[in-house]
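Okay, my_file33.txt is below, compact mmCIF, C-alpha atoms and all ligand atoms:
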# COMPACT_ATOMS: atom_id res chain seq x y z
CA MET A 1 -13.14 -13.72 -5.68
CA ALA A 2 -15.68 -13.24 -2.87
CA ASP A 3 -14.20 -16.26 -1.04
CA ALA A 4 -10.65 -14.96 -1.44
CA ASN A 5 -11.66 -11.56 -0.10
CA GLU A 6 -13.49 -13.17 2.83
CA LYS A 7 -10.33 -15.10 3.71
CA LEU A 8 -8.31 -11.87 3.64
CA ARG A 9 -10.87 -10.13 5.85
CA SER A 10 -10.75 -12.92 8.41
CA GLU A 11 -6.93 -13.13 8.41
CA PHE A 12 -6.41 -9.38 8.79
CA ASN A 13 -9.12 -9.15 11.43
CA GLN A 14 -6.95 -11.53 13.44
CA TRP A 15 -3.87 -9.38 12.78
CA ALA A 16 -5.83 -6.34 14.00
CA ALA A 17 -7.03 -8.09 17.17
CA ALA A 18 -3.43 -9.10 17.94
CA GLY A 19 -2.28 -5.45 17.68
CA ARG A 20 -0.36 -6.03 14.46
CA GLY A 21 -2.03 -3.08 12.69
CA GLU A 22 -0.30 -0.63 15.04
CA GLU A 23 2.96 -2.64 15.04
CA MET A 24 3.23 -2.30 11.26
CA GLU A 25 3.92 1.42 11.64
CA ASN A 26 7.39 0.57 13.02
CA HIS A 27 8.07 -1.83 10.15
CA HIS A 28 6.87 0.46 7.35
CA VAL A 29 7.49 4.00 8.59
CA SER A 30 10.89 4.43 6.92
CA ILE A 31 9.79 3.34 3.43
CA ALA A 32 6.50 5.24 3.89
CA GLU A 33 8.20 8.52 4.83
CA GLN A 34 10.50 8.34 1.81
CA THR A 35 7.51 7.64 -0.44
CA ILE A 36 5.31 10.38 1.01
CA ALA A 37 8.19 12.81 0.41
CA ARG A 38 7.95 11.91 -3.30
CA MET A 39 4.16 12.41 -3.48
CA GLY A 40 4.34 16.21 -3.65
CA LEU A 41 1.27 16.62 -1.44
CA ARG A 42 -0.27 20.06 -1.00
CA PRO A 43 -3.09 21.46 1.14
CA GLY A 44 -6.43 20.94 -0.59
CA GLN A 45 -5.57 17.66 -2.34
CA ARG A 46 -7.59 14.46 -2.07
CA VAL A 47 -5.61 11.38 -1.27
CA LEU A 48 -6.44 7.69 -0.90
CA ASP A 49 -4.60 5.19 1.33
CA LEU A 50 -5.47 1.77 -0.11
CA GLY A 51 -5.12 -1.12 2.37
CA CYS A 52 -4.68 1.43 5.15
CA GLY A 53 -4.59 -1.01 8.10
CA SER A 54 -4.71 0.89 11.40
CA GLY A 55 -4.59 4.22 9.55
CA TRP A 56 -1.29 5.65 10.83
CA ALA A 57 -0.18 6.65 7.31
CA THR A 58 -3.67 7.97 6.46
CA ARG A 59 -3.34 10.40 9.39
CA THR A 60 0.01 11.65 8.06
CA LEU A 61 -1.58 12.17 4.64
CA ALA A 62 -4.54 14.04 6.22
CA GLU A 63 -2.16 16.45 7.93
CA LEU A 64 -0.30 17.15 4.69
CA VAL A 65 -3.43 17.91 2.62
CA GLU A 66 -5.34 19.80 5.34
CA GLY A 67 -6.96 22.98 4.02
CA GLY A 68 -9.92 23.63 1.72
CA PRO A 69 -11.25 20.39 0.24
CA GLY A 70 -8.16 18.44 1.34
CA VAL A 71 -9.13 15.00 2.58
CA ALA A 72 -7.49 11.63 3.22
CA VAL A 73 -9.52 8.46 2.73
CA GLY A 74 -8.39 5.10 4.13
CA LEU A 75 -9.88 1.87 2.73
CA ASP A 76 -9.33 -1.65 3.98
CA ILE A 77 -11.02 -5.02 3.69
CA SER A 78 -10.64 -5.70 7.42
CA ASP A 79 -13.44 -4.24 9.53
CA GLU A 80 -11.31 -4.67 12.67
CA MET A 81 -8.50 -2.61 11.13
CA ILE A 82 -10.98 0.11 10.17
CA PHE A 83 -12.56 0.19 13.67
CA ARG A 84 -9.10 0.82 15.09
CA ALA A 85 -8.22 3.37 12.42
CA ARG A 86 -11.41 5.32 13.15
CA ALA A 87 -10.88 5.23 16.92
CA ALA A 88 -7.31 6.50 16.59
CA SER A 89 -8.37 9.27 14.18
CA ARG A 90 -11.41 10.65 16.03
CA TYR A 91 -9.85 14.11 16.43
CA VAL A 92 -8.81 14.40 12.78
CA GLU A 93 -11.43 16.33 10.83
CA ASN A 94 -10.37 15.73 7.24
CA ILE A 95 -10.19 11.93 7.34
CA LEU A 96 -12.63 9.18 6.33
CA PHE A 97 -12.41 5.41 6.49
CA ALA A 98 -14.43 2.71 4.74
CA ILE A 99 -14.45 -1.08 4.74
CA CYS A 100 -14.22 -2.50 1.23
CA PRO A 101 -12.16 -4.75 -1.03
CA ALA A 102 -9.61 -2.91 -3.14
CA ASP A 103 -11.23 -4.12 -6.35
CA GLU A 104 -14.50 -2.27 -5.56
CA ILE A 105 -13.53 1.24 -4.46
CA PRO A 106 -16.76 2.94 -3.34
CA TRP A 107 -15.82 6.35 -4.71
CA MET A 108 -16.65 8.50 -7.71
CA ASP A 109 -14.53 8.66 -10.87
CA GLU A 110 -11.49 10.97 -11.00
CA TYR A 111 -11.81 12.04 -7.35
CA PHE A 112 -8.30 11.49 -5.99
CA ASP A 113 -5.12 13.44 -6.78
CA ARG A 114 -2.86 10.82 -5.24
CA VAL A 115 -3.06 7.22 -4.04
CA LEU A 116 -0.71 5.57 -1.56
CA SER A 117 -0.72 1.83 -0.93
CA ILE A 118 1.77 0.39 1.57
CA GLU A 119 2.49 -3.33 1.69
CA SER A 120 -0.98 -4.35 0.59
CA PHE A 121 -0.97 -4.78 -3.18
CA TYR A 122 0.43 -8.31 -3.37
CA TYR A 123 -2.48 -9.63 -1.30
CA TYR A 124 -5.15 -8.49 -3.76
CA PRO A 125 -6.64 -11.57 -5.44
CA ASP A 126 -7.49 -9.68 -8.65
CA GLN A 127 -4.73 -7.14 -9.09
CA GLU A 128 -5.88 -6.23 -12.61
CA ALA A 129 -9.31 -5.23 -11.26
CA VAL A 130 -7.64 -3.09 -8.59
CA ILE A 131 -5.49 -1.34 -11.19
CA ARG A 132 -8.65 -0.61 -13.21
CA GLU A 133 -10.26 0.87 -10.09
CA LEU A 134 -7.19 3.01 -9.36
CA PHE A 135 -7.22 4.35 -12.91
CA ARG A 136 -10.93 5.14 -12.56
CA VAL A 137 -10.75 7.01 -9.23
CA LEU A 138 -7.58 8.98 -10.02
CA ALA A 139 -7.93 12.43 -11.55
CA PRO A 140 -6.11 13.03 -14.85
CA GLY A 141 -2.54 13.97 -13.95
CA GLY A 142 -2.83 12.05 -10.66
CA CYS A 143 -0.45 9.37 -9.50
CA ALA A 144 -0.59 6.09 -7.54
CA PHE A 145 2.39 5.28 -5.28
CA ILE A 146 2.44 1.53 -4.63
CA LEU A 147 4.99 0.15 -2.15
CA ILE A 148 5.68 -3.59 -2.22
CA ASN A 149 8.14 -5.49 -0.04
CA LEU A 150 7.33 -8.91 -1.52
CA TYR A 151 8.62 -9.07 -5.10
CA ASN A 152 10.95 -11.26 -7.13
CA GLU A 153 13.99 -9.00 -7.00
CA ASN A 154 14.09 -9.25 -3.20
CA PRO A 155 14.79 -12.98 -2.69
CA TYR A 156 14.34 -12.84 1.10
CA SER A 157 10.74 -11.72 0.67
CA LEU A 158 9.92 -14.81 -1.42
CA ARG A 159 10.32 -16.96 1.71
CA TRP A 160 7.11 -15.40 3.04
CA VAL A 161 5.01 -16.83 0.20
CA ASP A 162 4.63 -20.27 1.80
CA GLN A 163 4.54 -18.98 5.36
CA LEU A 164 1.68 -16.52 5.02
CA LYS A 165 -1.79 -17.90 5.73
CA VAL A 166 -3.32 -16.27 2.65
CA PRO A 167 -2.21 -16.55 -0.99
CA VAL A 168 -0.05 -13.72 -2.34
CA HIS A 169 1.33 -12.71 -5.74
CA ALA A 170 5.11 -12.84 -6.24
CA ARG A 171 5.92 -10.81 -9.35
CA SER A 172 8.88 -8.95 -10.82
CA GLU A 173 9.09 -5.20 -11.14
CA ASN A 174 8.74 -5.59 -14.92
CA ASP A 175 5.53 -7.62 -14.46
CA TYR A 176 4.07 -4.81 -12.39
CA ARG A 177 5.24 -2.11 -14.75
CA ARG A 178 3.67 -3.95 -17.69
CA MET A 179 0.35 -4.48 -15.87
CA LEU A 180 0.08 -0.81 -14.98
CA GLU A 181 1.00 0.33 -18.49
CA GLU A 182 -1.54 -2.06 -20.04
CA HIS A 183 -4.26 -0.29 -18.05
CA GLY A 184 -3.30 3.14 -19.35
CA PHE A 185 -0.86 4.44 -16.76
CA ALA A 186 2.01 6.38 -18.35
CA PRO A 187 4.69 6.89 -17.38
CA VAL A 188 5.20 4.16 -14.81
CA THR A 189 8.45 4.73 -12.94
CA VAL A 190 10.09 2.39 -10.46
CA GLU A 191 12.46 2.92 -7.54
CA HIS A 192 13.83 0.78 -4.74
CA ILE A 193 13.30 2.32 -1.32
CA PRO A 194 15.67 1.06 1.39
CA ASP A 195 14.50 0.72 4.97
CA LEU A 196 16.79 3.17 6.80
CA THR A 197 15.96 2.13 10.37
CA PRO A 198 18.90 0.70 12.38
CA THR A 199 19.18 -3.09 12.42
CA PRO A 200 19.84 -4.68 15.85
CA GLU A 201 23.05 -6.71 16.36
CA HIS A 202 21.02 -9.86 17.02
CA TYR A 203 17.84 -10.96 15.23
CA SER A 204 15.39 -13.18 17.10
CA GLY A 205 12.33 -13.08 14.82
CA VAL A 206 11.05 -15.76 12.45
CA TRP A 207 11.50 -14.28 8.97
CA PHE A 208 15.31 -14.13 8.72
CA GLU A 209 18.19 -16.44 9.71
CA ASN A 210 20.22 -13.65 11.31
CA ALA A 211 20.70 -9.89 11.55
CA GLY A 212 22.90 -9.86 8.42
CA GLU A 213 20.03 -11.17 6.30
CA LEU A 214 17.65 -8.61 7.75
CA ARG A 215 20.16 -5.83 6.99
CA ASP A 216 20.49 -7.10 3.42
CA PHE A 217 16.70 -7.30 2.99
CA LYS A 218 16.35 -3.71 4.18
CA GLN A 219 19.09 -2.49 1.86
CA ILE A 220 17.51 -4.13 -1.20
CA GLY A 221 14.42 -2.26 -0.10
CA ALA A 222 10.81 -2.06 -1.14
CA LEU A 223 9.65 -1.72 -4.71
CA LEU A 224 7.98 1.63 -5.29
CA LEU A 225 5.77 1.79 -8.38
CA MET A 226 4.79 5.30 -9.39
CA ALA A 227 1.93 5.05 -11.88
CA HIS A 228 0.87 8.32 -13.47
CA LYS A 229 -2.54 8.77 -15.02
CA PRO A 230 -2.06 10.91 -18.14
CA GLU A 231 -3.47 14.43 -18.22
CA ALA A 232 -6.74 14.63 -20.12
CA GLU A 233 -6.23 15.71 -23.71
CA ARG A 234 -6.85 19.41 -24.06
CA LYS A 235 -9.97 20.31 -26.01
CA LYS A 236 -9.16 22.25 -29.20
C1 LIG A 301 0.52 -5.78 5.66
S1 LIG A 301 -0.93 -4.84 5.99
C2 LIG A 301 -0.40 -3.15 5.69
C3 LIG A 301 -1.33 -2.14 6.34
C4 LIG A 301 -0.90 -0.69 6.23
N1 LIG A 301 -0.83 -0.23 4.86
C5 LIG A 301 0.41 -0.47 6.95
O1 LIG A 301 1.43 -0.24 6.29
O2 LIG A 301 0.39 -0.54 8.18
C6 LIG A 301 -1.96 -5.18 4.58
C7 LIG A 301 -3.31 -4.51 4.67
O3 LIG A 301 -3.98 -4.71 3.43
C8 LIG A 301 -5.33 -5.02 3.68
N2 LIG A 301 -5.85 -5.81 2.56
C9 LIG A 301 -5.47 -7.05 2.17
N3 LIG A 301 -6.18 -7.45 1.12
C10 LIG A 301 -7.04 -6.46 0.82
C11 LIG A 301 -8.05 -6.28 -0.18
N4 LIG A 301 -8.31 -7.22 -1.09
N5 LIG A 301 -8.75 -5.12 -0.20
C12 LIG A 301 -8.47 -4.16 0.72
N6 LIG A 301 -7.56 -4.26 1.69
C13 LIG A 301 -6.83 -5.40 1.74
C14 LIG A 301 -5.29 -5.81 4.97
O4 LIG A 301 -6.53 -5.87 5.64
C15 LIG A 301 -4.21 -5.09 5.76
O5 LIG A 301 -4.72 -4.08 6.58

If you took the structure in this file and wrote it as structure tokens, what would it be?
Amino acid sequence: MADANEKLRSEFNQWAAAGRGEEMENHHVSIAEQTIARMGLRPGQRVLDLGCGSGWATRTLAELVEGGPGVAVGLDISDEMIFRARAASRYVENILFAICPADEIPWMDEYFDRVLSIESFYYYPDQEAVIRELFRVLAPGGCAFILINLYNENPYSLRWVDQLKVPVHARSENDYRRMLEEHGFAPVTVEHIPDLTPTPEHYSGVWFENAGELRDFKQIGALLLMAHKPEAERKK
């Protein structure tokens, strides 16, 4: 596992150096905004952004929970991503960043009210260990919002599996639901979140054959897993 995490760190350090951390905001902002709207955030809450990259979403979360103990924490395995996230957030008071693998969250039990994770979960070598960590750090009644663009029900995304330089998991929404339920989350609800940004007439990138495919991919949308940690049983 240490080797796999080291490979991820090195790969995403290169993404960060090439400016791809900041670029991802344009690619993910639509699905992120729709998800954050579902998180029911309030001033004073504690929220975790797992696999935060350059920290653009962490800053949005910090603004929404500002007040009292409200804090947003961004964690990422890439030190270069975290350096950039910290630099871009230096005027935000209620924000913290740390470098760590998602399967070893350096935080106390039951601390967070909400977790957001955007386009990061399918990279985690040991997803079961990460789910255990999420269950541990979430407060009873808290909820993890996990957004995944690469999953079996979106066939376009499966083309990335062989093209990415690091191994990824390609799973179905039922696989994910089952994994989360097996670790105690209940209920686990699932939605598809379309990317609502306009698609250009002509596509010149590498991931799709043409603009029609990109439009289709965006309409199928990202998988949003909403995993609730049950309320603690009331003492009699
Ligand atoms: C596609 S980027 C998404 C970044 C950010 N959430 C966004 O939407 O801009 C995936 C991020 O997950 C991080 N990541 C990958 N594997 C990780 C792991 N095992 N533990 C923690 N972070 C990881 C990467 O370093 C990278 O910043």

Q. When the cut-off is 9 Å and you count all atoms listed in the file, which residues lie near ligand LIG 301 (chain A), shown as a VMD selection string?
A. chain A and resid 4 to 6 8 to 13 15 to 16 20 to 29 32 49 to 58 75 to 82 99 to 104 116 to 127 130

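Across the structure, CA of Tyr111 (chain A) and CA of Leu138 (chain A) are spaced 5.9 Å apart.
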
**Q.** Test item: residues at most 10 Å from region 184-193 of chain A, only C-alpha atoms, excluding those fewer than 5 positions along its chain, as a ChimeraX atom specification
**A.** /A:30-32,34-35,131-132,134-135,141-149,173-174,176-179,218-231

Since we have the selection now, will you write its residues out, keeping C-alpha atoms, as a PDB file, in the coordinates of the input?
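Final output, saved to result29.pdb:
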ATOM      1  CA  SER A  30      10.890   4.430   6.920  1.00  0.00           C
ATOM      2  CA  ILE A  31       9.790   3.340   3.430  1.00  0.00           C
ATOM      3  CA  ALA A  32       6.500   5.240   3.890  1.00  0.00           C
ATOM      4  CA  GLN A  34      10.500   8.340   1.810  1.00  0.00           C
ATOM      5  CA  THR A  35       7.510   7.640  -0.440  1.00  0.00           C
ATOM      6  CA  ILE A 131      -5.490  -1.340 -11.190  1.00  0.00           C
ATOM      7  CA  ARG A 132      -8.650  -0.610 -13.210  1.00  0.00           C
ATOM      8  CA  LEU A 134      -7.190   3.010  -9.360  1.00  0.00           C
ATOM      9  CA  PHE A 135      -7.220   4.350 -12.910  1.00  0.00           C
ATOM     10  CA  GLY A 141      -2.540  13.970 -13.950  1.00  0.00           C
ATOM     11  CA  GLY A 142      -2.830  12.050 -10.660  1.00  0.00           C
ATOM     12  CA  CYS A 143      -0.450   9.370  -9.500  1.00  0.00           C
ATOM     13  CA  ALA A 144      -0.590   6.090  -7.540  1.00  0.00           C
ATOM     14  CA  PHE A 145       2.390   5.280  -5.280  1.00  0.00           C
ATOM     15  CA  ILE A 146       2.440   1.530  -4.630  1.00  0.00           C
ATOM     16  CA  LEU A 147       4.990   0.150  -2.150  1.00  0.00           C
ATOM     17  CA  ILE A 148       5.680  -3.590  -2.220  1.00  0.00           C
ATOM     18  CA  ASN A 149       8.140  -5.490  -0.040  1.00  0.00           C
ATOM     19  CA  GLU A 173       9.090  -5.200 -11.140  1.00  0.00           C
ATOM     20  CA  ASN A 174       8.740  -5.590 -14.920  1.00  0.00           C
ATOM     21  CA  TYR A 176       4.070  -4.810 -12.390  1.00  0.00           C
ATOM     22  CA  ARG A 177       5.240  -2.110 -14.750  1.00  0.00           C
ATOM     23  CA  ARG A 178       3.670  -3.950 -17.690  1.00  0.00           C
ATOM     24  CA  MET A 179       0.350  -4.480 -15.870  1.00  0.00           C
ATOM     25  CA  LYS A 218      16.350  -3.710   4.180  1.00  0.00           C
ATOM     26  CA  GLN A 219      19.090  -2.490   1.860  1.00  0.00           C
ATOM     27  CA  ILE A 220      17.510  -4.130  -1.200  1.00  0.00           C
ATOM     28  CA  GLY A 221      14.420  -2.260  -0.100  1.00  0.00           C
ATOM     29  CA  ALA A 222      10.810  -2.060  -1.140  1.00  0.00           C
ATOM     30  CA  LEU A 223       9.650  -1.720  -4.710  1.00  0.00           C
ATOM     31  CA  LEU A 224       7.980   1.630  -5.290  1.00  0.00           C
ATOM     32  CA  LEU A 225       5.770   1.790  -8.380  1.00  0.00           C
ATOM     33  CA  MET A 226       4.790   5.300  -9.390  1.00  0.00           C
ATOM     34  CA  ALA A 227       1.930   5.050 -11.880  1.00  0.00           C
ATOM     35  CA  HIS A 228       0.870   8.320 -13.470  1.00  0.00           C
ATOM     36  CA  LYS A 229      -2.540   8.770 -15.020  1.00  0.00           C
ATOM     37  CA  PRO A 230      -2.060  10.910 -18.140  1.00  0.00           C
ATOM     38  CA  GLU A 231      -3.470  14.430 -18.220  1.00  0.00           C
TER      39      GLU A 231
END

Q.
Using only C-alpha atoms for the distances, tell me which of A:Tyr91, A:Trp107, A:Tyr156, A:Phe83 is nearest to Arg46 (chain A).
A.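 Selected residue with least distance to Arg46 (chain A): A:Trp107.
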
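Going from CA of Phe217 (chain A) to CA of Ser157 (chain A) covers 7.8 Å.
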